[in-house]
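S.K.: Starting off with a structure, shown below.
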Amino acid sequence: MTDENDIIKTRREKLARWRAEGNAFANHFRRDALASELHERCAELDKEALETEQIPAAVVGRVMLRRVMGKASFITLQDVSGRIQCYLQRDGVGEDAYAQFKNLWDIGDIVGVRGVLMRTNKGELSVQASSIELLNKTVRPLPEKYHGLEDKEIRYRQRYLDLIMNDESRRVFEVRFRVVAALRRFFAERDFLEVETPMMHVIPGGATARPFVTHHNALDLDLYLRVAPELFLKRLTVGGFERVFEINRSFRNEGLSTRHNPEFTMLEFYWAYADFNDLMDLTQELLASLVRETTGSSQIEYQGEHIDFSSEPARLTMLESIAQHTELTQQELGDAKRLASVLKSMNLEVHDDWGLGKLQTEVFEARVEERLLQPTFITHYPAEVSPLSRRNDDDPHFTDRFELFVGGREIANGFSELNDPEDQAERFREQARRKLGGDAEAMHFDADYITALEYGMPPTAGEGIGIDRLVMLLTDSPSIRDVLLFPLMKPNPTDG
């Protein structure tokens with residue numbers, strides 16, 4: 001087996017020879033068709049028809065296969081759309097060009113081929129070359145073709161190599177593009193205005209999360225990367241934009257897992273004169289439309305589970321879901337000591353300052369979330385864990401809030417917005433007390449946001465949808481790293 005360092009040495013020697021020939025790394029070759037377009041255009045044309053029509057073609061791509069057979073050879077090029085075979089003859093491309101092909105070209109090189117379309121005796125569409133050109137001489141060899149690139153860590157660290165070698169990886173990111181485009185169309189068609197809000201905040205807010213801290217030298221001011229755009233979007237609602245949305249990057253200084261990356265993408269939208277029930281109806285419509293558009297069906301498979309988006313998701317309160325999926329009774333759900341003991345029996349951390357609402361939420365997250373495989377709206381979260389949500393009219397212990405779960409994971413979080421400035425100020429003060437007590441995820445007191453509410457925010461509902469998790473679901477991807485082009489990785493010590 002040839003050592004990779006020997007291969008690299010040989011390729012560098014070939015690169016030096018190519019440079020010596022002049023005009024290395026040229027940028028003048030222009031194709032006239034993608035591989036997929038040629039396959040589609042010639043789908044009904046047989047060998048004889050192509051010989052008669054003499055259809056010209058100019059293609060570019062990376063050499064993925066190479067069969068050298070004396071005076072005639074085959075290569076397979078890969079472009080963004082797929083693959084196309086090319087047939088190279090010494091008499092067709094010229095002796096000098098063919099010698100360069102045989103002596104300097106390798107698998108992985110990027111080349112251009114001009115010629116006419118033909119079919120081989122086996123019926124494969126090919127470009128019969130009349131001219132060929134080396135556009136980029138690669139130094140490093142691609143992974144062995146029969147095994148591809150299977151090492152997950154290498155795929156994440158060297159995404160460019162993963163995209164070259166794995167059709168499925170490219171498909172995942174093509175789906176991601178279609179998802180984002182479909183979300184934009186959905187909201188634009190319903191008269192929502194797309195906006196952009198700051199990514200650096202003087203005061204972090206909009207979610208209970210630990211922020212990243214940076215420093216602005218000119219102002220000598222600490223700033224925070226946003227944990228959510230919520231408070232700025234609601235300021236726009238105060239200003240009179242009644243329907244707004246943002247597809248945003250947010251940052252949370254948390255651990256890495258199959259569900260979490262410190263940098264992630266969310267859709268957030270706000271809708272004046274609507275409540276959390278309107279949001280659930282809209283979310284149901286959105287997901288049904290999105291699943292059909294991106295998969296062609298209303299049903300998907302996710303990690304071996306069959307998930308159906310064709311019917312209306314179930315709607316359960318948080319307490320109803322706990323009672324349904326655990327042995328706890330309604331009476332026990334109102335007993336803080338009993339809930340604390342349940343959590344401790346699972347070796348989970350319990351803090352002395354946690355109230356009943358926090359304990360109820362922790363039990364729900366520990367015992368129920370992963371069981372919610374089919375689309376399910378969980379409603380009425382405790383006010384204690386919902387510092388920006390409007391209290392429920394019938395029971396102020398709870399809020400008019402929901403989360404949508406699919407495949408055992410939270411996909412969306414929405415609620416009727418708290419627009420009472422005095423209530424919001426008190427909840428900020430409670431968050432500030434928790435922060436002083438050591439809770440790194442508690443919110444700061446945002447005085448300007450309170451001022452905005454004092455000018456009057458109309459009755460409003462708002463929602464956030466995790467785009468990364470949504471793409472995971474639609475591409476049957478087990479980890480968030482599979483749907484991020486460049487997930488955060490701990491530096492590789494071998495990189496120096």
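Chains: A, B, ... in order of the structure tokens. Residues: from 1 per chain. Ligands: from 1, in order shown.
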Neighbouring residues of Thr237 in chain A were defined as those with any atom within 8 Å, considering only C-alpha atoms; residues of the same chain fewer than 6 positions away were excluded. Please report them as a PyMOL selection string.

M.R.: chain A and resi 243-244+270+272+457-458

S.K.: How would the residues just chosen look if you wrote them out with N, CA and C atoms as a PDB file, in the first residue's frame?

M.R.:
```pdb
ATOM      1  N   ARG A 243     -46.545  42.240  11.766  1.00  0.00           N
ATOM      2  CA  ARG A 243     -46.126  40.876  11.430  1.00  0.00           C
ATOM      3  C   ARG A 243     -44.669  40.933  10.970  1.00  0.00           C
ATOM      4  N   VAL A 244     -43.777  40.379  11.780  1.00  0.00           N
ATOM      5  CA  VAL A 244     -42.356  40.400  11.440  1.00  0.00           C
ATOM      6  C   VAL A 244     -41.762  39.011  11.658  1.00  0.00           C
ATOM      7  N   TYR A 270     -43.342  37.247  14.938  1.00  0.00           N
ATOM      8  CA  TYR A 270     -44.257  37.892  15.880  1.00  0.00           C
ATOM      9  C   TYR A 270     -45.469  38.394  15.110  1.00  0.00           C
ATOM     10  N   ALA A 272     -49.063  40.443  15.709  1.00  0.00           N
ATOM     11  CA  ALA A 272     -49.938  41.253  16.554  1.00  0.00           C
ATOM     12  C   ALA A 272     -51.396  40.822  16.385  1.00  0.00           C
ATOM     13  N   MET A 457     -47.409  47.700  23.667  1.00  0.00           N
ATOM     14  CA  MET A 457     -47.307  46.659  22.647  1.00  0.00           C
ATOM     15  C   MET A 457     -48.683  46.021  22.497  1.00  0.00           C
ATOM     16  N   PRO A 458     -49.211  45.934  21.272  1.00  0.00           N
ATOM     17  CA  PRO A 458     -50.532  45.339  21.095  1.00  0.00           C
ATOM     18  C   PRO A 458     -50.529  43.877  21.540  1.00  0.00           C
TER      19      PRO A 458
END
```

S.K.: Could the residues of range 112-216 of chain A that have an atom at most 7 Å from range 59-81 of chain A be listed as a Markdown table, each with its closest atom pair and the distance in Å to one decimal, counting only C-alpha atoms and ordered by chain and ascending residue number?

M.R.:
```
| residue | atom | partner | partner_atom | distance |
| --- | --- | --- | --- | --- |
| A:Gly112 | CA | A:Val60 | CA | 4.3 |
| A:Val113 | CA | A:Val59 | CA | 5.4 |
| A:Arg114 | CA | A:Val59 | CA | 6.5 |
```

S.K.: For each of A:Leu474, A:Leu372, A:Leu267, A:Leu319, take the minimum atom-to-atom distance to Thr283 in chain A, counting only C-alpha atoms, then give the residue where this is smallest.

M.R.: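 Residue with the minimum atom-to-atom distance to Thr283 in chain A: A:Leu267.
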
S.K.: Just want the 7 Å neighbourhood of Ala274 in chain A, counted on only C-alpha atoms, with same-chain residues fewer than 4 positions away dropped. Output as a short mmCIF file (atom, residue, chain, number, x, y, z; two decimals) with C-alpha atoms, in the first residue's frame.

M.R.:
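Saved file selection_4.cif follows:
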```cif
data_model
loop_
_atom_site.label_atom_id
_atom_site.label_comp_id
_atom_site.auth_asym_id
_atom_site.auth_seq_id
_atom_site.Cartn_x
_atom_site.Cartn_y
_atom_site.Cartn_z
CA ASP A 278 -53.40 31.07 16.50
CA PRO A 459 -51.74 41.87 22.09
CA THR A 460 -49.16 39.74 20.31
CA ALA A 461 -48.05 36.14 19.89
#
```
